[in-house]
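Source file data_6.tsv; content: TSV, C-alpha atoms.
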chain	number	residue	atom	x	y	z
A	1	MET	CA	0.00	0.00	0.00
A	2	SER	CA	2.98	2.32	0.59
A	3	GLY	CA	3.62	4.78	-2.22
A	4	LYS	CA	-0.02	5.23	-3.20
A	5	ASN	CA	-1.75	8.58	-3.60
A	6	ILE	CA	-5.24	8.55	-2.06
A	7	LEU	CA	-7.92	11.21	-1.94
A	8	VAL	CA	-9.82	11.45	1.36
A	9	THR	CA	-12.83	13.77	1.40
A	10	GLY	CA	-14.05	15.11	4.73
A	11	ALA	CA	-10.43	14.99	5.92
A	12	ALA	CA	-11.06	17.49	8.72
A	13	GLY	CA	-14.09	15.52	9.86
A	14	PHE	CA	-14.26	12.82	12.49
A	15	VAL	CA	-13.86	9.65	10.40
A	16	GLY	CA	-11.92	11.35	7.61
A	17	SER	CA	-9.20	12.64	9.93
A	18	TYR	CA	-8.70	9.17	11.44
A	19	VAL	CA	-8.56	7.48	8.04
A	20	SER	CA	-6.06	10.08	6.80
A	21	GLN	CA	-3.90	9.48	9.87
A	22	ALA	CA	-3.95	5.70	9.39
A	23	LEU	CA	-2.99	6.00	5.72
A	24	LEU	CA	-0.15	8.41	6.45
A	25	GLN	CA	1.25	5.94	8.97
A	26	LYS	CA	1.41	3.36	6.17
A	27	GLY	CA	3.53	5.63	3.98
A	28	ILE	CA	0.65	6.69	1.72
A	29	THR	CA	0.37	10.20	0.32
A	30	VAL	CA	-3.00	11.63	1.34
A	31	VAL	CA	-4.76	14.44	-0.48
A	32	GLY	CA	-7.31	15.73	2.00
A	33	LEU	CA	-10.40	17.69	1.02
A	34	ASP	CA	-12.85	19.53	3.28
A	35	ASN	CA	-14.95	22.70	3.09
A	36	LEU	CA	-14.53	23.37	6.84
A	37	ASN	CA	-18.18	24.39	7.19
A	38	THR	CA	-19.74	25.57	10.45
A	39	TYR	CA	-22.23	22.72	10.98
A	40	TYR	CA	-20.36	22.19	14.26
A	41	ASP	CA	-17.41	23.85	16.01
A	42	PRO	CA	-14.90	24.83	13.28
A	43	ALA	CA	-12.14	24.94	15.92
A	44	LEU	CA	-12.44	21.18	16.40
A	45	LYS	CA	-12.18	20.62	12.65
A	46	GLN	CA	-9.15	22.87	12.50
A	47	ALA	CA	-7.52	21.02	15.40
A	48	ARG	CA	-7.94	17.70	13.58
A	49	LEU	CA	-6.56	19.26	10.42
A	50	THR	CA	-3.57	20.77	12.20
A	51	ARG	CA	-2.55	17.33	13.45
A	52	LEU	CA	-2.56	16.05	9.87
A	53	GLN	CA	-0.78	19.04	8.35
A	54	SER	CA	2.17	18.52	10.67
A	55	GLN	CA	2.97	15.25	8.89
A	56	ALA	CA	4.84	14.63	5.66
A	57	GLY	CA	2.73	13.28	2.84
A	58	PHE	CA	-0.46	15.19	3.64
A	59	HIS	CA	-1.77	17.82	1.22
A	60	PHE	CA	-4.95	19.78	1.90
A	61	HIS	CA	-7.51	21.46	-0.36
A	62	GLN	CA	-10.36	23.53	1.04
A	63	ILE	CA	-13.07	22.79	-1.50
A	64	ASP	CA	-16.84	22.39	-1.28
A	65	LEU	CA	-17.95	19.08	-2.79
A	66	ALA	CA	-20.79	20.86	-4.59
A	67	ASN	CA	-18.37	23.20	-6.40
A	68	ARG	CA	-18.32	21.52	-9.79
A	69	SER	CA	-15.46	23.46	-11.36
A	70	ALA	CA	-13.23	23.11	-8.31
A	71	MET	CA	-13.88	19.38	-8.13
A	72	GLU	CA	-13.15	18.97	-11.84
A	73	GLY	CA	-9.89	20.85	-11.34
A	74	LEU	CA	-8.92	18.60	-8.43
A	75	PHE	CA	-9.34	15.42	-10.46
A	76	LYS	CA	-7.61	16.91	-13.51
A	77	GLY	CA	-4.66	18.06	-11.43
A	78	GLU	CA	-3.82	14.75	-9.77
A	79	ARG	CA	-4.15	11.01	-10.26
A	80	PHE	CA	-5.53	9.05	-7.29
A	81	ASP	CA	-4.95	5.34	-6.69
A	82	ALA	CA	-8.15	5.27	-4.64
A	83	VAL	CA	-10.82	7.66	-3.43
A	84	VAL	CA	-12.20	7.42	0.11
A	85	HIS	CA	-15.28	9.63	0.15
A	86	LEU	CA	-16.24	10.52	3.73
A	87	GLY	CA	-17.29	14.13	3.23
A	88	ALA	CA	-21.03	14.74	3.55
A	89	GLN	CA	-23.64	16.76	5.38
A	90	ALA	CA	-24.24	14.62	8.45
A	91	GLY	CA	-27.01	14.54	11.02
A	92	VAL	CA	-30.56	13.20	10.95
A	93	ARG	CA	-32.36	15.98	12.84
A	94	TYR	CA	-30.55	18.79	11.02
A	95	SER	CA	-31.93	17.41	7.74
A	96	LEU	CA	-35.41	18.36	8.96
A	97	GLU	CA	-34.26	21.96	9.40
A	98	ASN	CA	-31.96	22.49	6.41
A	99	PRO	CA	-32.79	19.98	3.67
A	100	HIS	CA	-31.03	21.91	0.89
A	101	ALA	CA	-27.66	21.40	2.57
A	102	TYR	CA	-28.13	17.66	2.08
A	103	ALA	CA	-29.04	18.02	-1.58
A	104	ASP	CA	-25.95	20.16	-2.18
A	105	SER	CA	-23.41	18.05	-0.32
A	106	ASN	CA	-24.78	14.53	-0.42
A	107	LEU	CA	-26.31	14.50	-3.91
A	108	THR	CA	-24.55	17.13	-6.03
A	109	GLY	CA	-21.30	16.59	-4.12
A	110	PHE	CA	-21.42	12.84	-4.59
A	111	LEU	CA	-22.17	13.26	-8.30
A	112	ASN	CA	-19.02	15.39	-8.58
A	113	ILE	CA	-17.03	12.60	-6.91
A	114	LEU	CA	-18.46	10.02	-9.30
A	115	GLU	CA	-17.70	12.22	-12.30
A	116	GLY	CA	-14.12	12.68	-11.10
A	117	CYS	CA	-13.74	8.93	-10.73
A	118	ARG	CA	-15.20	8.42	-14.21
A	119	ALA	CA	-12.75	10.90	-15.72
A	120	GLN	CA	-9.84	9.10	-14.07
A	121	LYS	CA	-11.17	5.58	-14.59
A	122	SER	CA	-10.68	5.11	-10.85
A	123	GLU	CA	-9.70	1.67	-9.58
A	124	ASN	CA	-11.44	1.96	-6.21
A	125	LEU	CA	-14.06	4.27	-4.71
A	126	ILE	CA	-15.04	3.68	-1.09
A	127	TYR	CA	-17.83	5.90	0.25
A	128	ALA	CA	-19.76	6.37	3.47
A	129	SER	CA	-23.37	5.28	3.55
A	130	SER	CA	-25.31	4.93	6.81
A	131	SER	CA	-27.37	2.55	8.91
A	132	SER	CA	-30.08	5.22	8.58
A	133	VAL	CA	-30.98	3.73	5.17
A	134	TYR	CA	-32.76	0.86	6.97
A	135	GLY	CA	-35.49	3.31	8.02
A	136	LEU	CA	-38.70	1.56	9.03
A	137	ASN	CA	-37.13	-1.91	8.89
A	138	ARG	CA	-37.76	-3.81	12.13
A	139	LYS	CA	-36.07	-7.12	11.35
A	140	VAL	CA	-32.75	-7.22	13.21
A	141	PRO	CA	-29.91	-7.54	12.68
A	142	PHE	CA	-29.99	-5.37	9.57
A	143	ALA	CA	-28.46	-7.25	6.63
A	144	VAL	CA	-27.07	-5.58	3.52
A	145	GLY	CA	-29.39	-7.72	1.43
A	146	ASP	CA	-32.50	-6.29	3.12
A	147	SER	CA	-34.76	-3.84	1.31
A	148	VAL	CA	-34.05	-0.21	2.23
A	149	ASP	CA	-36.96	1.50	0.53
A	150	HIS	CA	-38.53	3.22	3.54
A	151	PRO	CA	-36.19	5.95	4.88
A	152	VAL	CA	-37.54	8.18	7.66
A	153	SER	CA	-35.31	11.23	7.11
A	154	LEU	CA	-33.98	13.14	4.12
A	155	TYR	CA	-30.46	12.35	5.35
A	156	ALA	CA	-31.21	8.63	5.03
A	157	ALA	CA	-32.78	9.17	1.62
A	158	THR	CA	-29.63	10.90	0.34
A	159	LYS	CA	-27.49	8.00	1.54
A	160	LYS	CA	-29.77	5.52	-0.20
A	161	ALA	CA	-29.50	7.72	-3.30
A	162	ASN	CA	-25.69	7.57	-3.06
A	163	GLU	CA	-25.84	3.78	-3.21
A	164	LEU	CA	-28.05	3.93	-6.32
A	165	MET	CA	-25.86	6.56	-7.98
A	166	ALA	CA	-22.76	4.48	-7.27
A	167	HIS	CA	-24.33	1.42	-8.84
A	168	SER	CA	-25.19	3.28	-12.03
A	169	TYR	CA	-21.57	4.42	-12.42
A	170	SER	CA	-20.26	0.95	-11.60
A	171	HIS	CA	-22.54	-0.47	-14.28
A	172	LEU	CA	-21.93	2.16	-16.95
A	173	TYR	CA	-18.22	2.83	-16.48
A	174	ARG	CA	-17.02	-0.26	-14.56
A	175	ILE	CA	-15.82	1.86	-11.63
A	176	PRO	CA	-15.40	-0.36	-8.55
A	177	THR	CA	-17.53	1.21	-5.80
A	178	THR	CA	-17.90	0.07	-2.19
A	179	GLY	CA	-20.49	1.60	0.13
A	180	LEU	CA	-20.10	1.25	3.90
A	181	ARG	CA	-23.18	1.57	6.07
A	182	PHE	CA	-21.77	3.06	9.28
A	183	PHE	CA	-23.51	2.25	12.57
A	184	THR	CA	-23.31	5.11	15.14
A	185	VAL	CA	-19.60	5.88	15.08
A	186	TYR	CA	-18.10	7.31	18.29
A	187	GLY	CA	-14.75	7.99	19.93
A	188	PRO	CA	-12.15	10.71	20.68
A	189	TRP	CA	-12.17	13.71	18.32
A	190	GLY	CA	-15.81	12.89	17.54
A	191	ARG	CA	-18.70	15.09	16.43
A	192	PRO	CA	-20.20	17.47	19.03
A	193	ASP	CA	-23.71	16.95	17.61
A	194	MET	CA	-23.64	13.25	18.54
A	195	ALA	CA	-25.35	12.15	21.76
A	196	TYR	CA	-22.25	10.76	23.52
A	197	PHE	CA	-20.44	14.09	23.00
A	198	SER	CA	-23.30	16.39	24.02
A	199	PHE	CA	-24.23	14.12	26.96
A	200	THR	CA	-20.67	14.22	28.30
A	201	LYS	CA	-20.59	18.00	28.04
A	202	ALA	CA	-23.93	18.39	29.81
A	203	ILE	CA	-23.23	15.88	32.60
A	204	LEU	CA	-19.92	17.56	33.43
A	205	LYS	CA	-21.69	20.94	33.61
A	206	GLY	CA	-24.65	19.59	35.57
A	207	GLU	CA	-27.03	20.49	32.75
A	208	PRO	CA	-30.00	18.33	31.70
A	209	ILE	CA	-29.78	15.95	28.77
A	210	LYS	CA	-32.64	15.15	26.42
A	211	VAL	CA	-33.42	11.43	26.46
A	212	PHE	CA	-35.67	10.53	23.56
A	213	ASN	CA	-38.20	7.70	23.65
A	214	HIS	CA	-37.60	7.70	27.42
A	215	GLY	CA	-34.26	5.95	26.87
A	216	LYS	CA	-35.85	2.86	25.31
A	217	MET	CA	-33.89	3.04	22.06
A	218	LYS	CA	-30.96	0.81	21.12
A	219	ARG	CA	-27.97	1.70	19.01
A	220	ASP	CA	-25.15	-0.39	17.58
A	221	PHE	CA	-22.34	1.92	18.73
A	222	THR	CA	-19.14	1.35	16.71
A	223	TYR	CA	-15.77	2.59	17.93
A	224	ILE	CA	-13.80	4.76	15.52
A	225	ASP	CA	-10.71	2.51	15.38
A	226	ASP	CA	-12.88	-0.37	14.15
A	227	ILE	CA	-14.38	1.80	11.41
A	228	VAL	CA	-10.92	2.86	10.25
A	229	GLU	CA	-9.62	-0.70	10.20
A	230	GLY	CA	-12.48	-1.78	7.95
A	231	ILE	CA	-11.94	1.11	5.53
A	232	VAL	CA	-8.17	0.63	5.30
A	233	ARG	CA	-8.54	-3.10	4.61
A	234	LEU	CA	-11.02	-2.41	1.82
A	235	ILE	CA	-8.55	-0.16	0.01
A	236	ASP	CA	-6.72	-3.30	-1.08
A	237	HIS	CA	-10.02	-5.07	-1.89
A	238	PRO	CA	-11.87	-3.04	-4.54
A	239	ALA	CA	-15.35	-4.21	-5.40
A	240	VAL	CA	-15.66	-6.98	-7.99
A	241	THR	CA	-18.57	-8.35	-9.95
A	242	ASN	CA	-20.72	-11.06	-8.41
A	243	SER	CA	-20.53	-13.90	-10.95
A	244	SER	CA	-23.65	-15.56	-9.50
A	245	TRP	CA	-25.75	-12.38	-9.50
A	246	ASN	CA	-29.15	-12.98	-11.09
A	247	GLY	CA	-31.34	-10.18	-12.39
A	248	LEU	CA	-34.41	-12.38	-11.90
A	249	VAL	CA	-33.70	-12.60	-8.17
A	250	PRO	CA	-31.37	-9.61	-7.68
A	251	ALA	CA	-29.21	-9.39	-4.58
A	252	ASN	CA	-29.16	-5.84	-3.14
A	253	ASP	CA	-25.57	-5.80	-1.88
A	254	SER	CA	-23.75	-6.78	-5.09
A	255	SER	CA	-24.25	-6.81	-8.83
A	256	SER	CA	-23.06	-7.88	-12.24
A	257	ALA	CA	-21.18	-4.56	-11.98
A	258	PRO	CA	-18.15	-4.09	-9.67
A	259	TYR	CA	-20.34	-2.88	-6.81
A	260	ARG	CA	-20.54	-3.84	-3.12
A	261	LEU	CA	-22.30	-2.76	0.03
A	262	TYR	CA	-21.22	-3.67	3.57
A	263	ASN	CA	-22.48	-2.98	7.06
A	264	ILE	CA	-19.81	-1.91	9.50
A	265	GLY	CA	-21.11	-2.08	13.06
A	266	ASN	CA	-20.36	-3.65	16.42
A	267	ARG	CA	-23.18	-6.26	16.35
A	268	SER	CA	-23.95	-5.41	19.97
A	269	PRO	CA	-26.85	-2.95	20.42
A	270	VAL	CA	-26.80	-0.86	23.60
A	271	GLU	CA	-29.90	0.59	25.22
A	272	LEU	CA	-29.72	4.35	25.62
A	273	LEU	CA	-30.26	4.20	29.39
A	274	TYR	CA	-27.31	1.80	29.82
A	275	PHE	CA	-25.24	4.04	27.59
A	276	ILE	CA	-26.03	7.00	29.88
A	277	GLN	CA	-25.31	4.92	32.98
A	278	THR	CA	-21.89	3.99	31.60
A	279	LEU	CA	-21.12	7.65	30.94
A	280	GLU	CA	-22.20	8.55	34.47
A	281	GLU	CA	-19.81	5.99	35.95
A	282	LEU	CA	-16.90	7.14	33.80
A	283	ILE	CA	-17.51	10.83	34.50
A	284	GLY	CA	-18.31	10.33	38.15
A	285	LYS	CA	-21.54	12.38	38.06
A	286	LYS	CA	-25.22	11.56	37.67
A	287	ALA	CA	-27.05	12.84	34.62
A	288	VAL	CA	-30.06	15.12	34.90
A	289	MET	CA	-32.42	13.48	32.40
A	290	GLU	CA	-35.30	15.14	30.56
A	291	MET	CA	-37.42	12.26	29.26
A	292	LEU	CA	-38.98	12.95	25.86
A	293	PRO	CA	-40.96	11.01	23.23
A	294	MET	CA	-39.49	9.59	20.02
A	295	GLN	CA	-38.38	12.29	17.59
A	296	PRO	CA	-39.21	12.51	13.88
A	297	GLY	CA	-36.51	10.81	11.81
A	298	ASP	CA	-35.38	8.48	14.62
A	299	VAL	CA	-35.49	4.69	14.52
A	300	PHE	CA	-36.03	2.40	17.50
A	301	GLU	CA	-33.10	0.00	17.13
A	302	THR	CA	-30.04	-0.55	14.95
A	303	VAL	CA	-28.04	-3.78	14.78
A	304	ALA	CA	-25.51	-4.66	12.09
A	305	ASP	CA	-25.12	-7.99	10.36
A	306	VAL	CA	-21.43	-7.84	9.35
A	307	GLN	CA	-20.96	-11.33	7.93
A	308	ALA	CA	-20.31	-9.97	4.43
A	309	LEU	CA	-17.55	-7.66	5.68
A	310	GLU	CA	-15.94	-10.48	7.66
A	311	GLU	CA	-15.91	-12.69	4.59
A	312	ALA	CA	-14.45	-9.92	2.42
A	313	VAL	CA	-11.58	-8.67	4.61
A	314	GLY	CA	-11.44	-10.97	7.64
A	315	PHE	CA	-12.43	-8.27	10.10
A	316	SER	CA	-15.43	-7.01	12.05
A	317	PRO	CA	-15.73	-4.35	14.80
A	318	LYS	CA	-15.42	-5.63	18.36
A	319	THR	CA	-14.64	-2.77	20.80
A	320	PRO	CA	-17.03	-2.91	23.83
A	321	ILE	CA	-18.96	0.27	24.60
A	322	GLU	CA	-17.36	0.49	28.06
A	323	VAL	CA	-13.85	0.54	26.54
A	324	GLY	CA	-14.69	3.00	23.78
A	325	LEU	CA	-16.51	5.45	26.05
A	326	GLU	CA	-13.66	5.37	28.59
A	327	LYS	CA	-11.25	6.46	25.84
A	328	PHE	CA	-13.63	9.19	24.72
A	329	VAL	CA	-14.17	10.63	28.20
A	330	ARG	CA	-10.42	10.65	28.84
A	331	TRP	CA	-9.84	12.51	25.56
A	332	TYR	CA	-12.68	14.95	26.30
A	333	ARG	CA	-11.19	15.89	29.68
A	334	GLU	CA	-7.75	16.37	28.12
A	335	TYR	CA	-8.91	18.32	25.07
A	336	TYR	CA	-11.12	20.70	27.05
A	337	SER	CA	-8.73	20.83	30.05
A	338	ILE	CA	-11.32	19.53	32.52

Could you express the structure from this file as C-alpha cells?
Amino acid sequence: MSGKNILVTGAAGFVGSYVSQALLQKGITVVGLDNLNTYYDPALKQARLTRLQSQAGFHFHQIDLANRSAMEGLFKGERFDAVVHLGAQAGVRYSLENPHAYADSNLTGFLNILEGCRAQKSENLIYASSSSVYGLNRKVPFAVGDSVDHPVSLYAATKKANELMAHSYSHLYRIPTTGLRFFTVYGPWGRPDMAYFSFTKAILKGEPIKVFNHGKMKRDFTYIDDIVEGIVRLIDHPAVTNSSWNGLVPANDSSSAPYRLYNIGNRSPVELLYFIQTLEELIGKKAVMEMLPMQPGDVFETVADVQALEEAVGFSPKTPIEVGLEKFVRWYREYYSI
C-alpha cells in the first residue's frame, strides 16, 4: 500500500481525519479535502486538520464538494490510486431543518465525486453510507441484502440515493464502488452533535440531557478505530462483480457490476439508558435526564449484520462500549482541560 496517492474527502471531519492518519502511517500520500463548514465547532475541525498538516505526505484542499469546477480541477490536477469519500452533510435531525444542505453536499457533491472517478477511470471508490438507510425496517440484525426502501429522514434518503448513484456508475463505467453503512460511530475527536459528546458536556456541567423515547432506544455503537480498520482493509479489496448475480432474483448488496455494500457495526446494540449509565460511571456524576418522546426521523433500534464484511476482509468491529466510552471521556477531559 505504501507509495499510493489517495484522496480522502471530509479529511477534517471525524472519520476522515482518522482514516487520513492511518494511511499516512502506512507511507501513503494523502490528499485531504474539506470545506470546513460551520455545521459544528470549526475549531475542532481545524484542530484535527492541524494534526494532519504537521505530517509529511499530507496535502490539503479547502473545496466544497458541490463546487463543480473546483472538483473537476482537483481530479484533472492529480491522479488518485483510490478515493475514500467521507465528506457529507451529516445529522438526521438537522436534515429536517436544512434539507437543501443535504441536496448540495450529499447529492450534487457525490455526483461530482463520481464524475471525477469516471474521468480518471478510478480503480477503487469507497464511500460512506449509513445505517439510517434501513429506516422503518424492524427485522434485526440489519443485513445488507435487506430492502431499504422506507427511509424516515432526508439524510437517510440521500445516503440511499448515493448507493443507487454508485451502482449506475459501476454499471456504466465499470468503476469499482464500495459503500459502507456506518452504525453510530463514536470515539475521541468525535462530532459534538452526537449524543455521547453532548451528553458528556452536559453531565460535566450539571445540565439536563434530552433522552428521547424515554431511553428505550438501542444503538449499535461502533468505535472509531474499528471503522478505520475496515476502511483501510477495503482499500486493497476493490469491489468486484458477483458472478452468481441474477437479475431475476437480484441481490441488493452486489451486482453484475463491480459494486458492493457492507455494514460496519459492532453487532452489539446498547440501550440508551445503559449508555447514559456507563457515561455517568466514567464521568463520576449523575445525569439530569429530561425524558422525551421519540423524535421525527429516529429509529427504534439498529443492529448490524457484518458477515459480508468479515468474509471480504477478515475483520469485524469488536470494541465494547465500556472501553470505547472510557477512551472518549479521557480525551474529552484532556482536550477541554477539565

Enumerate, in order of chain and increasing residue number, the residues of stretch 79-194 of chain A with an atom no farther than 8 Å from stretch 255-273 of chain A, each with its shortest atom pair and distance in Å to one decimal, counting only C-alpha atoms, as a Markdown table.
| residue | atom | partner | partner_atom | distance |
| --- | --- | --- | --- | --- |
| A:Ser131 | CA | A:Asn263 | CA | 7.6 |
| A:Pro141 | CA | A:Arg267 | CA | 7.8 |
| A:Ala143 | CA | A:Asn263 | CA | 7.4 |
| A:Val144 | CA | A:Tyr262 | CA | 6.2 |
| A:Ala166 | CA | A:Tyr259 | CA | 7.8 |
| A:His167 | CA | A:Tyr259 | CA | 6.2 |
| A:Ser170 | CA | A:Ala257 | CA | 5.6 |
| A:His171 | CA | A:Ala257 | CA | 4.9 |
| A:Arg174 | CA | A:Pro258 | CA | 6.3 |
| A:Ile175 | CA | A:Pro258 | CA | 6.7 |
| A:Pro176 | CA | A:Pro258 | CA | 4.8 |
| A:Thr177 | CA | A:Tyr259 | CA | 5.1 |
| A:Thr178 | CA | A:Arg260 | CA | 4.8 |
| A:Gly179 | CA | A:Leu261 | CA | 4.7 |
| A:Leu180 | CA | A:Tyr262 | CA | 5.1 |
| A:Arg181 | CA | A:Asn263 | CA | 4.7 |
| A:Phe182 | CA | A:Ile264 | CA | 5.3 |
| A:Phe183 | CA | A:Gly265 | CA | 5.0 |
| A:Thr184 | CA | A:Gly265 | CA | 7.8 |

**OP:** Find the spatial neighbours of stretch 250-252 of chain A, counting all atoms listed in the file, within a cut-off of 8 Å - ignore same-chain residues fewer than 2 positions away - and output them as a list in words.
**Re:** Val144, Gly145, Asp146, Ser147, Trp245, Asn246, Gly247, Leu248, Ser254 and Ser255 of chain A

Selection: 12 Å around A:Gly190, only C-alpha atoms, excl. self and same-chain fewer than 2 positions, as an mmCIF file with C-alpha atoms, keeping the file's coordinate frame:
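Result written to out_22.cif:
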data_model
loop_
_atom_site.group_PDB
_atom_site.id
_atom_site.type_symbol
_atom_site.label_atom_id
_atom_site.label_comp_id
_atom_site.auth_asym_id
_atom_site.auth_seq_id
_atom_site.Cartn_x
_atom_site.Cartn_y
_atom_site.Cartn_z
ATOM 1 C CA ALA A 12 -11.060 17.490 8.720
ATOM 2 C CA GLY A 13 -14.090 15.520 9.860
ATOM 3 C CA PHE A 14 -14.260 12.820 12.490
ATOM 4 C CA VAL A 15 -13.860 9.650 10.400
ATOM 5 C CA GLY A 16 -11.920 11.350 7.610
ATOM 6 C CA SER A 17 -9.200 12.640 9.930
ATOM 7 C CA TYR A 18 -8.700 9.170 11.440
ATOM 8 C CA TYR A 40 -20.360 22.190 14.260
ATOM 9 C CA ASP A 41 -17.410 23.850 16.010
ATOM 10 C CA LEU A 44 -12.440 21.180 16.400
ATOM 11 C CA LYS A 45 -12.180 20.620 12.650
ATOM 12 C CA ALA A 47 -7.520 21.020 15.400
ATOM 13 C CA ARG A 48 -7.940 17.700 13.580
ATOM 14 C CA THR A 184 -23.310 5.110 15.140
ATOM 15 C CA VAL A 185 -19.600 5.880 15.080
ATOM 16 C CA TYR A 186 -18.100 7.310 18.290
ATOM 17 C CA GLY A 187 -14.750 7.990 19.930
ATOM 18 C CA PRO A 188 -12.150 10.710 20.680
ATOM 19 C CA PRO A 192 -20.200 17.470 19.030
ATOM 20 C CA ASP A 193 -23.710 16.950 17.610
ATOM 21 C CA MET A 194 -23.640 13.250 18.540
ATOM 22 C CA ALA A 195 -25.350 12.150 21.760
ATOM 23 C CA TYR A 196 -22.250 10.760 23.520
ATOM 24 C CA PHE A 197 -20.440 14.090 23.000
ATOM 25 C CA SER A 198 -23.300 16.390 24.020
ATOM 26 C CA THR A 200 -20.670 14.220 28.300
ATOM 27 C CA TYR A 223 -15.770 2.590 17.930
ATOM 28 C CA ILE A 224 -13.800 4.760 15.520
ATOM 29 C CA ASP A 225 -10.710 2.510 15.380
ATOM 30 C CA GLY A 324 -14.690 3.000 23.780
ATOM 31 C CA LEU A 325 -16.510 5.450 26.050
ATOM 32 C CA LYS A 327 -11.250 6.460 25.840
ATOM 33 C CA PHE A 328 -13.630 9.190 24.720
ATOM 34 C CA VAL A 329 -14.170 10.630 28.200
ATOM 35 C CA TRP A 331 -9.840 12.510 25.560
ATOM 36 C CA TYR A 332 -12.680 14.950 26.300
ATOM 37 C CA TYR A 335 -8.910 18.320 25.070
#

Subject >> Protein and nucleic acid residues near (-18.6, 25.8, 6.1) (cut-off 12 Å, all atoms listed in the file) as number ranges by chain >> reply: A: 10, 12-13, 34-43, 45-46, 62-66, 88-89, 101, 105

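Considering all atoms listed in the file, the residue among A:Leu279, A:Leu154, A:Ala22, A:Leu52 positioned nearest to A:Tyr102 is A:Leu154.
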
Output as a Markdown table one row per residue of stretch 8-93 of chain A within 12 Å of stretch 291-308 of chain A: the closest atom pair and its distance in Å to one decimal place, counting all atoms listed in the file, sorted by chain and residue number ascending.
| residue | atom | partner | partner_atom | distance |
| --- | --- | --- | --- | --- |
| A:Gly91 | CA | A:Gly297 | CA | 10.2 |
| A:Val92 | CA | A:Gly297 | CA | 6.5 |
| A:Arg93 | CA | A:Gly297 | CA | 6.7 |

Subject >> Shell around stretch 134-140 of chain A at 6 Å using all atoms listed in the file, local window under 6 positions removed, as a VMD selection string >> reply: chain A and resid 148 150 to 152

Using only the atoms of stretch 304-321 of chain A listed in the file, plus 8 Å on each side, state the axis-aligned box centre and edge lengths in Å rounded to one decimal, as JSON.
{"center_x": -18.5, "center_y": -6.2, "center_z": 13.5, "size_x": 30.1, "size_y": 29.0, "size_z": 38.2}
